[in-house]
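Step one of this worksheet: look at the structure below.
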Amino acid sequence: MGFFSDLIDPKPGFVKDIVKKIEGYSVDINSHVKDQLESDAIFYAENKKNWKMIEEGYENRKRDAEYYSLYFIYLSAKDALRSGKYHVYSGIVEIEGNIACEIGCDCLQRLLERGFIEKSEAEDAKIHLRGLMTDVGIG
């Protein structure tokens, strides 16, 4: 990006860093699902309502672009499953639902490995993600 691009796109540097990390997230599975989750995660990063929280995380909690990129991809997977987007019937997902769940679990595992979250927190979140595949639309 050049000088004029920065004038047209006045996002803070930390948002641009997070977007780069999101775009750099790599998994070797269904690119359509990955691209959709990536797009949704970028929306989280570029949403001005989140900038204050992100900036505080950078300053106070020592969180960085890596943390936020993985966290926003995880949230995107969670939102997609919760919405029923990948459900064929109540409690039954398409293969894309399984892929979204695996991407979310992968992000949680990476957050755990980098010391951003505790093991119990990661396991609880993974259980919740898997539950969304079977619980959405039932009850």
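The way I read the labels, and the way they are meant: chains A, B, ... in the order of the structure tokens, residue 1 as the first residue of every chain, and ligand 1 as the first ligand shown, with later ones counted on from there.
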
Contacts of Tyr68 of chain A at 9 Å or less, counting only C-alpha atoms, minus same-chain residues fewer than 5 places along, as JSON, numbers by chain? {"A": [18, 21, 22, 45, 54, 63, 73]}

Deliver the residues from the most recent selection as a file, using all heavy atoms, as a PDB file, in the first residue's frame.
```
ATOM      1  N   ILE A  18      -4.007  -7.024  11.804  1.00  0.00           N
ATOM      2  CA  ILE A  18      -4.919  -8.139  12.073  1.00  0.00           C
ATOM      3  C   ILE A  18      -5.467  -8.690  10.763  1.00  0.00           C
ATOM      4  O   ILE A  18      -5.514  -9.912  10.558  1.00  0.00           O
ATOM      5  CB  ILE A  18      -6.061  -7.698  13.016  1.00  0.00           C
ATOM      6  CG1 ILE A  18      -5.510  -7.383  14.409  1.00  0.00           C
ATOM      7  CG2 ILE A  18      -7.142  -8.791  13.103  1.00  0.00           C
ATOM      8  CD1 ILE A  18      -6.498  -6.663  15.320  1.00  0.00           C
ATOM      9  N   LYS A  21      -2.980 -10.853   9.071  1.00  0.00           N
ATOM     10  CA  LYS A  21      -2.876 -12.162   9.735  1.00  0.00           C
ATOM     11  C   LYS A  21      -4.069 -13.043   9.369  1.00  0.00           C
ATOM     12  O   LYS A  21      -3.917 -14.242   9.152  1.00  0.00           O
ATOM     13  CB  LYS A  21      -2.803 -12.009  11.257  1.00  0.00           C
ATOM     14  CG  LYS A  21      -1.521 -11.423  11.753  1.00  0.00           C
ATOM     15  CD  LYS A  21      -0.464 -12.475  11.812  1.00  0.00           C
ATOM     16  CE  LYS A  21       0.773 -11.951  12.508  1.00  0.00           C
ATOM     17  NZ  LYS A  21       1.830 -12.938  12.540  1.00  0.00           N
ATOM     18  N   ILE A  22      -5.258 -12.457   9.331  1.00  0.00           N
ATOM     19  CA  ILE A  22      -6.448 -13.225   8.955  1.00  0.00           C
ATOM     20  C   ILE A  22      -6.283 -13.754   7.540  1.00  0.00           C
ATOM     21  O   ILE A  22      -6.537 -14.928   7.272  1.00  0.00           O
ATOM     22  CB  ILE A  22      -7.727 -12.373   9.081  1.00  0.00           C
ATOM     23  CG1 ILE A  22      -8.039 -12.084  10.549  1.00  0.00           C
ATOM     24  CG2 ILE A  22      -8.917 -13.078   8.405  1.00  0.00           C
ATOM     25  CD1 ILE A  22      -9.127 -11.049  10.766  1.00  0.00           C
ATOM     26  N   ALA A  45     -12.607  -7.320  12.560  1.00  0.00           N
ATOM     27  CA  ALA A  45     -11.416  -6.483  12.727  1.00  0.00           C
ATOM     28  C   ALA A  45     -11.659  -5.055  12.243  1.00  0.00           C
ATOM     29  O   ALA A  45     -11.175  -4.102  12.857  1.00  0.00           O
ATOM     30  CB  ALA A  45     -10.234  -7.093  11.976  1.00  0.00           C
ATOM     31  N   ILE A  54      -9.801  -3.677  20.912  1.00  0.00           N
ATOM     32  CA  ILE A  54      -8.563  -4.205  20.340  1.00  0.00           C
ATOM     33  C   ILE A  54      -7.371  -3.391  20.836  1.00  0.00           C
ATOM     34  O   ILE A  54      -6.358  -3.951  21.273  1.00  0.00           O
ATOM     35  CB  ILE A  54      -8.620  -4.189  18.798  1.00  0.00           C
ATOM     36  CG1 ILE A  54      -9.684  -5.167  18.284  1.00  0.00           C
ATOM     37  CG2 ILE A  54      -7.256  -4.534  18.210  1.00  0.00           C
ATOM     38  CD1 ILE A  54      -9.987  -5.034  16.803  1.00  0.00           C
ATOM     39  N   ARG A  63      -1.966  -8.555  24.029  1.00  0.00           N
ATOM     40  CA  ARG A  63      -2.511  -9.321  22.910  1.00  0.00           C
ATOM     41  C   ARG A  63      -2.045  -8.655  21.634  1.00  0.00           C
ATOM     42  O   ARG A  63      -1.832  -7.448  21.601  1.00  0.00           O
ATOM     43  CB  ARG A  63      -4.031  -9.354  22.994  1.00  0.00           C
ATOM     44  CG  ARG A  63      -4.460  -9.958  24.325  1.00  0.00           C
ATOM     45  CD  ARG A  63      -5.615 -10.865  24.184  1.00  0.00           C
ATOM     46  NE  ARG A  63      -5.725 -11.696  25.363  1.00  0.00           N
ATOM     47  CZ  ARG A  63      -6.841 -11.887  26.012  1.00  0.00           C
ATOM     48  NH1 ARG A  63      -7.947 -11.305  25.616  1.00  0.00           N
ATOM     49  NH2 ARG A  63      -6.869 -12.689  27.039  1.00  0.00           N
ATOM     50  N   ILE A  73     -11.437 -15.339  13.666  1.00  0.00           N
ATOM     51  CA  ILE A  73     -11.788 -16.486  12.811  1.00  0.00           C
ATOM     52  C   ILE A  73     -12.611 -17.487  13.617  1.00  0.00           C
ATOM     53  O   ILE A  73     -13.617 -18.013  13.134  1.00  0.00           O
ATOM     54  CB  ILE A  73     -10.529 -17.145  12.207  1.00  0.00           C
ATOM     55  CG1 ILE A  73      -9.824 -16.178  11.249  1.00  0.00           C
ATOM     56  CG2 ILE A  73     -10.906 -18.437  11.469  1.00  0.00           C
ATOM     57  CD1 ILE A  73      -8.441 -16.625  10.818  1.00  0.00           C
TER      58      ILE A  73
END
```

Long-range neighbours of Lys11 of chain A as a list in words, 9 Å cut-off, only C-alpha atoms, 4 positions minimum in chain: Asp6, Val15, Lys16, Glu46 and Lys48 of chain A

Would you mind exporting the chosen residues as a JSON list (two decimals), in the first residue's frame, restricted to C-alpha atoms?
```json
[["chain", "number", "residue", "atom", "x", "y", "z"],
["A", 6, "ASP", "CA", -3.46, 5.08, 3.43],
["A", 15, "VAL", "CA", -6.44, -3.27, 12.23],
["A", 16, "LYS", "CA", -4.35, -3.59, 9.08],
["A", 46, "GLU", "CA", -12.60, -3.59, 10.57],
["A", 48, "LYS", "CA", -14.96, 0.50, 14.37]]
```

Can I get the residues of segment 3-64 of chain A within 12 Å of segment 105-110 of chain A, each with the closest pair of atoms and their distance in Å to one decimal, using only C-alpha atoms, sorted chain first then ascending number, as a Markdown table?
```
| residue | atom | partner | partner_atom | distance |
| --- | --- | --- | --- | --- |
| A:Ile22 | CA | A:Cys107 | CA | 10.9 |
| A:Tyr25 | CA | A:Cys107 | CA | 9.4 |
| A:Ser26 | CA | A:Asp106 | CA | 10.4 |
| A:Val27 | CA | A:Asp106 | CA | 9.0 |
| A:Asp28 | CA | A:Asp106 | CA | 11.8 |
| A:Ile29 | CA | A:Asp106 | CA | 11.9 |
| A:Leu37 | CA | A:Cys107 | CA | 11.8 |
| A:Ala41 | CA | A:Cys107 | CA | 12.0 |
```

Could those selected residues go to a file with N, CA and C atoms, as a short mmCIF file (atom, residue, chain, number, x, y, z; two decimals), in the first residue's frame?
```cif
data_model
loop_
_atom_site.label_atom_id
_atom_site.label_comp_id
_atom_site.auth_asym_id
_atom_site.auth_seq_id
_atom_site.Cartn_x
_atom_site.Cartn_y
_atom_site.Cartn_z
N ILE A 22 -5.26 -12.46 9.33
CA ILE A 22 -6.45 -13.22 8.95
C ILE A 22 -6.28 -13.75 7.54
N TYR A 25 -4.02 -16.72 7.37
CA TYR A 25 -4.41 -17.97 8.03
C TYR A 25 -4.51 -19.06 6.97
N SER A 26 -3.91 -20.19 7.24
CA SER A 26 -3.84 -21.23 6.23
C SER A 26 -4.29 -22.58 6.77
N VAL A 27 -5.25 -23.16 6.08
CA VAL A 27 -5.65 -24.55 6.31
C VAL A 27 -5.88 -25.16 4.95
N ASP A 28 -5.61 -26.44 4.85
CA ASP A 28 -5.73 -27.12 3.55
C ASP A 28 -7.07 -27.83 3.42
N ILE A 29 -8.16 -27.10 3.68
CA ILE A 29 -9.48 -27.68 3.50
C ILE A 29 -10.36 -26.69 2.76
N LEU A 37 -15.39 -17.56 6.22
CA LEU A 37 -15.01 -17.26 7.60
C LEU A 37 -13.98 -16.13 7.65
N ALA A 41 -14.38 -12.67 9.60
CA ALA A 41 -13.37 -12.29 10.59
C ALA A 41 -12.81 -10.90 10.30
#
```

Give the alpha helix (DSSP H) residues of chain A, as assigned by DSSP on the backbone, as a compact mmCIF listing (two decimals) with N, CA, C and O atoms, in the first residue's frame.
```
# COMPACT_ATOMS: atom_id res chain seq x y z
N PHE A 3 1.09 5.78 -0.08
CA PHE A 3 0.62 6.95 0.66
C PHE A 3 -0.85 7.23 0.38
O PHE A 3 -1.63 7.47 1.30
N PHE A 4 -1.25 7.20 -0.89
CA PHE A 4 -2.63 7.52 -1.24
C PHE A 4 -3.61 6.46 -0.74
O PHE A 4 -4.71 6.77 -0.34
N SER A 5 -3.19 5.21 -0.72
CA SER A 5 -4.04 4.13 -0.19
C SER A 5 -4.31 4.35 1.28
O SER A 5 -5.41 4.11 1.75
N ASP A 6 -3.29 4.81 2.00
CA ASP A 6 -3.46 5.08 3.43
C ASP A 6 -4.41 6.24 3.69
O ASP A 6 -5.11 6.27 4.68
N LEU A 7 -4.41 7.21 2.78
CA LEU A 7 -5.35 8.32 2.92
C LEU A 7 -6.78 7.87 2.69
O LEU A 7 -7.71 8.32 3.36
N ILE A 8 -6.97 7.00 1.73
CA ILE A 8 -8.30 6.50 1.40
C ILE A 8 -8.77 5.50 2.44
O ILE A 8 -9.94 5.42 2.76
N GLY A 13 -3.23 1.14 12.25
CA GLY A 13 -2.23 0.13 11.89
C GLY A 13 -2.52 -1.24 12.47
O GLY A 13 -2.33 -2.26 11.80
N PHE A 14 -3.05 -1.28 13.72
CA PHE A 14 -3.32 -2.58 14.33
C PHE A 14 -4.41 -3.33 13.58
O PHE A 14 -4.38 -4.55 13.50
N VAL A 15 -5.38 -2.61 13.01
CA VAL A 15 -6.44 -3.27 12.23
C VAL A 15 -5.85 -3.85 10.95
O VAL A 15 -6.14 -4.99 10.59
N LYS A 16 -4.99 -3.10 10.30
CA LYS A 16 -4.35 -3.59 9.08
C LYS A 16 -3.50 -4.82 9.37
O LYS A 16 -3.49 -5.78 8.59
N ASP A 17 -2.81 -4.83 10.51
CA ASP A 17 -2.00 -6.00 10.90
C ASP A 17 -2.87 -7.22 11.13
O ASP A 17 -2.53 -8.33 10.72
N ILE A 18 -4.01 -7.02 11.80
CA ILE A 18 -4.92 -8.14 12.07
C ILE A 18 -5.47 -8.69 10.76
O ILE A 18 -5.51 -9.91 10.56
N VAL A 19 -5.87 -7.81 9.85
CA VAL A 19 -6.41 -8.25 8.56
C VAL A 19 -5.36 -9.06 7.80
O VAL A 19 -5.67 -10.10 7.22
N LYS A 20 -4.11 -8.62 7.83
CA LYS A 20 -3.04 -9.37 7.15
C LYS A 20 -2.90 -10.77 7.75
O LYS A 20 -2.72 -11.75 7.03
N LYS A 21 -2.98 -10.85 9.07
CA LYS A 21 -2.88 -12.16 9.74
C LYS A 21 -4.07 -13.04 9.37
O LYS A 21 -3.92 -14.24 9.15
N ILE A 22 -5.26 -12.46 9.33
CA ILE A 22 -6.45 -13.22 8.95
C ILE A 22 -6.28 -13.75 7.54
O ILE A 22 -6.54 -14.93 7.27
N GLU A 23 -5.84 -12.90 6.65
CA GLU A 23 -5.65 -13.32 5.25
C GLU A 23 -4.55 -14.36 5.12
O GLU A 23 -4.55 -15.16 4.19
N GLY A 24 -3.62 -14.36 6.07
CA GLY A 24 -2.53 -15.33 6.04
C GLY A 24 -2.85 -16.65 6.70
O GLY A 24 -2.08 -17.60 6.62
N SER A 31 -11.82 -24.31 0.51
CA SER A 31 -11.49 -22.89 0.42
C SER A 31 -12.72 -22.00 0.50
O SER A 31 -12.63 -20.86 0.95
N HIS A 32 -13.88 -22.49 0.07
CA HIS A 32 -15.11 -21.68 0.14
C HIS A 32 -15.46 -21.35 1.59
O HIS A 32 -15.76 -20.20 1.92
N VAL A 33 -15.41 -22.34 2.46
CA VAL A 33 -15.71 -22.12 3.88
C VAL A 33 -14.66 -21.22 4.49
O VAL A 33 -14.97 -20.25 5.19
N LYS A 34 -13.39 -21.50 4.22
CA LYS A 34 -12.30 -20.67 4.74
C LYS A 34 -12.46 -19.23 4.30
O LYS A 34 -12.34 -18.31 5.10
N ASP A 35 -12.78 -19.02 3.02
CA ASP A 35 -12.94 -17.66 2.50
C ASP A 35 -14.11 -16.94 3.16
O ASP A 35 -14.02 -15.75 3.47
N GLN A 36 -15.21 -17.66 3.40
CA GLN A 36 -16.36 -17.04 4.05
C GLN A 36 -16.03 -16.66 5.49
O GLN A 36 -16.34 -15.56 5.93
N LEU A 37 -15.39 -17.56 6.22
CA LEU A 37 -15.01 -17.26 7.60
C LEU A 37 -13.98 -16.13 7.65
O LEU A 37 -14.04 -15.27 8.53
N GLU A 38 -13.06 -16.14 6.70
CA GLU A 38 -12.06 -15.08 6.62
C GLU A 38 -12.74 -13.72 6.41
O GLU A 38 -12.41 -12.74 7.07
N SER A 39 -13.70 -13.67 5.50
CA SER A 39 -14.43 -12.43 5.24
C SER A 39 -15.16 -11.93 6.49
O SER A 39 -15.12 -10.74 6.82
N ASP A 40 -15.80 -12.85 7.19
CA ASP A 40 -16.51 -12.48 8.42
C ASP A 40 -15.54 -12.02 9.51
O ASP A 40 -15.83 -11.08 10.25
N ALA A 41 -14.38 -12.67 9.60
CA ALA A 41 -13.37 -12.29 10.59
C ALA A 41 -12.81 -10.90 10.30
O ALA A 41 -12.60 -10.10 11.21
N ILE A 42 -12.61 -10.60 9.03
CA ILE A 42 -12.14 -9.27 8.64
C ILE A 42 -13.17 -8.22 9.02
O ILE A 42 -12.83 -7.12 9.47
N PHE A 43 -14.45 -8.57 8.90
CA PHE A 43 -15.51 -7.65 9.32
C PHE A 43 -15.36 -7.31 10.80
O PHE A 43 -15.50 -6.15 11.20
N TYR A 44 -15.09 -8.32 11.64
CA TYR A 44 -14.87 -8.06 13.07
C TYR A 44 -13.70 -7.08 13.27
O TYR A 44 -13.79 -6.15 14.07
N ALA A 45 -12.61 -7.32 12.56
CA ALA A 45 -11.42 -6.48 12.73
C ALA A 45 -11.66 -5.05 12.24
O ALA A 45 -11.17 -4.10 12.86
N GLU A 46 -12.39 -4.91 11.16
CA GLU A 46 -12.60 -3.59 10.57
C GLU A 46 -13.79 -2.84 11.17
O GLU A 46 -14.00 -1.67 10.84
N LYS A 48 -15.47 -0.56 13.49
CA LYS A 48 -14.96 0.50 14.37
C LYS A 48 -15.39 0.31 15.82
O LYS A 48 -14.71 0.76 16.73
N LYS A 49 -16.50 -0.36 16.03
CA LYS A 49 -16.98 -0.59 17.40
C LYS A 49 -16.00 -1.48 18.18
O LYS A 49 -15.99 -1.46 19.41
N ASN A 50 -15.21 -2.28 17.49
CA ASN A 50 -14.26 -3.18 18.15
C ASN A 50 -12.88 -2.56 18.35
O ASN A 50 -12.05 -3.12 19.07
N TRP A 51 -12.62 -1.43 17.74
CA TRP A 51 -11.26 -0.87 17.76
C TRP A 51 -10.79 -0.51 19.15
O TRP A 51 -9.62 -0.73 19.49
N LYS A 52 -11.66 0.04 19.97
CA LYS A 52 -11.23 0.42 21.33
C LYS A 52 -10.83 -0.83 22.12
O LYS A 52 -9.81 -0.85 22.80
N MET A 53 -11.65 -1.90 22.02
CA MET A 53 -11.34 -3.15 22.71
C MET A 53 -10.01 -3.72 22.21
O MET A 53 -9.19 -4.17 23.01
N ILE A 54 -9.80 -3.68 20.91
CA ILE A 54 -8.56 -4.20 20.34
C ILE A 54 -7.37 -3.39 20.84
O ILE A 54 -6.36 -3.95 21.27
N GLU A 55 -7.51 -2.08 20.79
CA GLU A 55 -6.42 -1.21 21.22
C GLU A 55 -6.08 -1.44 22.69
O GLU A 55 -4.91 -1.52 23.07
N GLU A 56 -7.11 -1.59 23.52
CA GLU A 56 -6.88 -1.87 24.94
C GLU A 56 -6.19 -3.23 25.12
O GLU A 56 -5.33 -3.38 25.98
N GLY A 57 -6.58 -4.21 24.31
CA GLY A 57 -5.94 -5.52 24.37
C GLY A 57 -4.47 -5.45 24.01
O GLY A 57 -3.64 -6.12 24.62
N TYR A 58 -4.16 -4.64 23.03
CA TYR A 58 -2.75 -4.43 22.65
C TYR A 58 -1.98 -3.82 23.81
O TYR A 58 -0.87 -4.24 24.11
N GLU A 59 -2.57 -2.80 24.43
CA GLU A 59 -1.85 -2.05 25.46
C GLU A 59 -1.81 -2.77 26.81
O GLU A 59 -0.77 -2.84 27.44
N ASN A 60 -2.93 -3.30 27.26
CA ASN A 60 -3.03 -3.81 28.63
C ASN A 60 -2.81 -5.31 28.76
O ASN A 60 -2.28 -5.76 29.77
N ALA A 65 -1.75 -8.99 16.96
CA ALA A 65 -2.50 -9.29 15.74
C ALA A 65 -2.74 -10.79 15.61
O ALA A 65 -3.81 -11.21 15.14
N GLU A 66 -1.81 -11.60 16.04
CA GLU A 66 -1.97 -13.06 15.98
C GLU A 66 -3.16 -13.49 16.82
O GLU A 66 -4.00 -14.28 16.38
N TYR A 67 -3.24 -12.98 18.04
CA TYR A 67 -4.36 -13.32 18.91
C TYR A 67 -5.69 -12.93 18.27
O TYR A 67 -6.61 -13.75 18.17
N TYR A 68 -5.79 -11.66 17.86
CA TYR A 68 -7.08 -11.18 17.34
C TYR A 68 -7.46 -11.87 16.03
O TYR A 68 -8.64 -12.12 15.80
N SER A 69 -6.50 -12.17 15.18
CA SER A 69 -6.84 -12.85 13.93
C SER A 69 -7.42 -14.23 14.22
O SER A 69 -8.46 -14.59 13.67
N LEU A 70 -6.79 -14.99 15.08
CA LEU A 70 -7.30 -16.32 15.43
C LEU A 70 -8.64 -16.23 16.16
O LEU A 70 -9.56 -17.01 15.89
N TYR A 71 -8.75 -15.27 17.07
CA TYR A 71 -9.98 -15.11 17.83
C TYR A 71 -11.15 -14.73 16.91
O TYR A 71 -12.25 -15.27 17.03
N PHE A 72 -10.92 -13.83 15.97
CA PHE A 72 -11.99 -13.42 15.07
C PHE A 72 -12.38 -14.53 14.09
O PHE A 72 -13.56 -14.66 13.75
N ILE A 73 -11.44 -15.34 13.67
CA ILE A 73 -11.79 -16.49 12.81
C ILE A 73 -12.61 -17.49 13.62
O ILE A 73 -13.62 -18.01 13.13
N TYR A 74 -12.20 -17.73 14.86
CA TYR A 74 -12.98 -18.61 15.74
C TYR A 74 -14.40 -18.07 15.91
O TYR A 74 -15.37 -18.83 15.80
N LEU A 75 -14.54 -16.77 16.18
CA LEU A 75 -15.88 -16.19 16.35
C LEU A 75 -16.71 -16.34 15.07
O LEU A 75 -17.92 -16.59 15.15
N SER A 76 -16.08 -16.20 13.93
CA SER A 76 -16.79 -16.35 12.66
C SER A 76 -17.30 -17.77 12.48
O SER A 76 -18.43 -17.99 12.03
N ALA A 77 -16.48 -18.76 12.86
CA ALA A 77 -16.91 -20.15 12.77
C ALA A 77 -18.07 -20.40 13.73
O ALA A 77 -19.07 -21.05 13.38
N LYS A 78 -17.95 -19.87 14.93
CA LYS A 78 -19.01 -20.02 15.94
C LYS A 78 -20.32 -19.38 15.45
O LYS A 78 -21.39 -19.98 15.55
N ASP A 79 -20.21 -18.17 14.91
CA ASP A 79 -21.40 -17.48 14.40
C ASP A 79 -22.06 -18.25 13.25
O ASP A 79 -23.28 -18.35 13.18
N ALA A 80 -21.24 -18.79 12.35
CA ALA A 80 -21.78 -19.54 11.21
C ALA A 80 -22.53 -20.78 11.69
O ALA A 80 -23.61 -21.09 11.19
N LEU A 81 -21.97 -21.47 12.66
CA LEU A 81 -22.64 -22.67 13.18
C LEU A 81 -23.89 -22.30 13.97
O LEU A 81 -24.93 -22.95 13.83
N ARG A 82 -23.81 -21.25 14.76
CA ARG A 82 -24.96 -20.83 15.57
C ARG A 82 -26.12 -20.37 14.68
O ARG A 82 -27.27 -20.54 15.02
N SER A 83 -25.80 -19.77 13.54
CA SER A 83 -26.84 -19.24 12.65
C SER A 83 -27.57 -20.34 11.89
O SER A 83 -28.63 -20.09 11.33
N ILE A 95 -21.22 -30.95 5.18
CA ILE A 95 -19.78 -31.12 5.36
C ILE A 95 -19.13 -29.77 5.69
O ILE A 95 -18.18 -29.69 6.47
N GLU A 96 -19.68 -28.69 5.13
CA GLU A 96 -19.15 -27.36 5.40
C GLU A 96 -19.25 -26.99 6.88
O GLU A 96 -18.41 -26.27 7.41
N GLY A 97 -20.28 -27.48 7.55
CA GLY A 97 -20.43 -27.25 8.98
C GLY A 97 -19.31 -27.92 9.76
O GLY A 97 -18.78 -27.36 10.72
N ASN A 98 -18.97 -29.14 9.37
CA ASN A 98 -17.85 -29.83 10.01
C ASN A 98 -16.54 -29.09 9.77
O ASN A 98 -15.70 -28.99 10.65
N ILE A 99 -16.38 -28.56 8.56
CA ILE A 99 -15.17 -27.81 8.23
C ILE A 99 -15.10 -26.53 9.07
O ILE A 99 -14.04 -26.20 9.62
N ALA A 100 -16.22 -25.81 9.17
CA ALA A 100 -16.24 -24.58 9.99
C ALA A 100 -15.88 -24.91 11.44
O ALA A 100 -15.12 -24.18 12.07
N CYS A 101 -16.41 -26.00 11.94
CA CYS A 101 -16.11 -26.42 13.31
C CYS A 101 -14.61 -26.73 13.45
O CYS A 101 -13.98 -26.33 14.43
N GLU A 102 -14.05 -27.43 12.50
CA GLU A 102 -12.63 -27.77 12.56
C GLU A 102 -11.75 -26.53 12.48
O GLU A 102 -10.73 -26.44 13.16
N ILE A 103 -12.14 -25.56 11.66
CA ILE A 103 -11.38 -24.31 11.59
C ILE A 103 -11.45 -23.59 12.94
O ILE A 103 -10.43 -23.11 13.45
N GLY A 104 -12.63 -23.52 13.53
CA GLY A 104 -12.77 -22.90 14.84
C GLY A 104 -11.93 -23.60 15.90
O GLY A 104 -11.25 -22.95 16.70
N CYS A 105 -11.96 -24.94 15.89
CA CYS A 105 -11.15 -25.71 16.85
C CYS A 105 -9.66 -25.52 16.61
O CYS A 105 -8.87 -25.44 17.55
N ASP A 106 -9.27 -25.41 15.34
CA ASP A 106 -7.86 -25.17 15.01
C ASP A 106 -7.41 -23.82 15.56
O ASP A 106 -6.32 -23.71 16.13
N CYS A 107 -8.24 -22.81 15.43
CA CYS A 107 -7.90 -21.48 15.97
C CYS A 107 -7.77 -21.54 17.49
O CYS A 107 -6.84 -20.95 18.05
N LEU A 108 -8.67 -22.25 18.14
CA LEU A 108 -8.58 -22.40 19.60
C LEU A 108 -7.29 -23.11 19.99
O LEU A 108 -6.62 -22.72 20.96
N GLN A 109 -6.93 -24.15 19.25
CA GLN A 109 -5.69 -24.88 19.54
C GLN A 109 -4.47 -23.98 19.36
O GLN A 109 -3.55 -24.00 20.18
N ARG A 110 -4.48 -23.17 18.33
CA ARG A 110 -3.36 -22.25 18.10
C ARG A 110 -3.29 -21.18 19.21
O ARG A 110 -2.20 -20.81 19.64
N LEU A 111 -4.45 -20.71 19.67
CA LEU A 111 -4.47 -19.75 20.78
C LEU A 111 -3.92 -20.40 22.04
O LEU A 111 -3.17 -19.76 22.79
N LEU A 112 -4.25 -21.66 22.27
CA LEU A 112 -3.74 -22.40 23.42
C LEU A 112 -2.22 -22.56 23.32
O LEU A 112 -1.50 -22.29 24.28
N GLU A 113 -1.75 -23.01 22.17
CA GLU A 113 -0.31 -23.24 21.98
C GLU A 113 0.51 -21.96 22.14
O GLU A 113 1.66 -22.02 22.56
N LYS A 119 -5.92 -24.23 28.87
CA LYS A 119 -6.37 -25.49 28.29
C LYS A 119 -7.86 -25.73 28.54
O LYS A 119 -8.59 -26.14 27.64
N SER A 120 -8.32 -25.47 29.76
CA SER A 120 -9.73 -25.71 30.09
C SER A 120 -10.65 -24.80 29.28
O SER A 120 -11.71 -25.20 28.82
N GLU A 121 -10.21 -23.57 29.07
CA GLU A 121 -10.98 -22.61 28.27
C GLU A 121 -11.08 -23.09 26.82
O GLU A 121 -12.16 -23.04 26.20
N ALA A 122 -9.97 -23.57 26.26
CA ALA A 122 -9.96 -24.08 24.89
C ALA A 122 -10.86 -25.30 24.76
O ALA A 122 -11.64 -25.42 23.80
N GLU A 123 -10.76 -26.23 25.70
CA GLU A 123 -11.57 -27.44 25.65
C GLU A 123 -13.06 -27.13 25.76
O GLU A 123 -13.88 -27.70 25.03
N ASP A 124 -13.43 -26.22 26.66
CA ASP A 124 -14.83 -25.83 26.81
C ASP A 124 -15.36 -25.20 25.52
O ASP A 124 -16.48 -25.48 25.09
N ALA A 125 -14.57 -24.34 24.90
CA ALA A 125 -14.99 -23.69 23.67
C ALA A 125 -15.13 -24.70 22.52
O ALA A 125 -16.05 -24.60 21.71
N LYS A 126 -14.23 -25.68 22.47
CA LYS A 126 -14.33 -26.73 21.44
C LYS A 126 -15.59 -27.56 21.63
O LYS A 126 -16.29 -27.89 20.66
N ILE A 127 -15.89 -27.90 22.87
CA ILE A 127 -17.12 -28.66 23.17
C ILE A 127 -18.34 -27.85 22.75
O ILE A 127 -19.28 -28.39 22.15
N HIS A 128 -18.31 -26.56 23.03
CA HIS A 128 -19.43 -25.69 22.65
C HIS A 128 -19.60 -25.65 21.13
O HIS A 128 -20.72 -25.75 20.62
N LEU A 129 -18.48 -25.51 20.39
CA LEU A 129 -18.54 -25.49 18.93
C LEU A 129 -19.15 -26.78 18.39
O LEU A 129 -20.03 -26.75 17.53
N ARG A 130 -18.67 -27.90 18.89
CA ARG A 130 -19.19 -29.19 18.42
C ARG A 130 -20.66 -29.35 18.78
O ARG A 130 -21.43 -29.94 18.03
N GLY A 131 -21.06 -28.81 19.92
CA GLY A 131 -22.46 -28.86 20.32
C GLY A 131 -23.34 -28.06 19.40
O GLY A 131 -24.49 -28.43 19.15
N LEU A 132 -22.83 -26.95 18.88
CA LEU A 132 -23.61 -26.14 17.96
C LEU A 132 -23.99 -26.91 16.69
O LEU A 132 -25.02 -26.65 16.08
N MET A 133 -23.16 -27.87 16.31
CA MET A 133 -23.45 -28.65 15.11
C MET A 133 -24.68 -29.53 15.31
O MET A 133 -25.41 -29.76 14.36
N THR A 134 -24.89 -29.99 16.52
CA THR A 134 -26.01 -30.90 16.75
C THR A 134 -27.19 -30.26 17.46
O THR A 134 -28.30 -30.79 17.41
N ASP A 135 -26.97 -29.11 18.11
CA ASP A 135 -28.04 -28.51 18.90
C ASP A 135 -28.85 -27.44 18.18
O ASP A 135 -29.97 -27.16 18.57
```
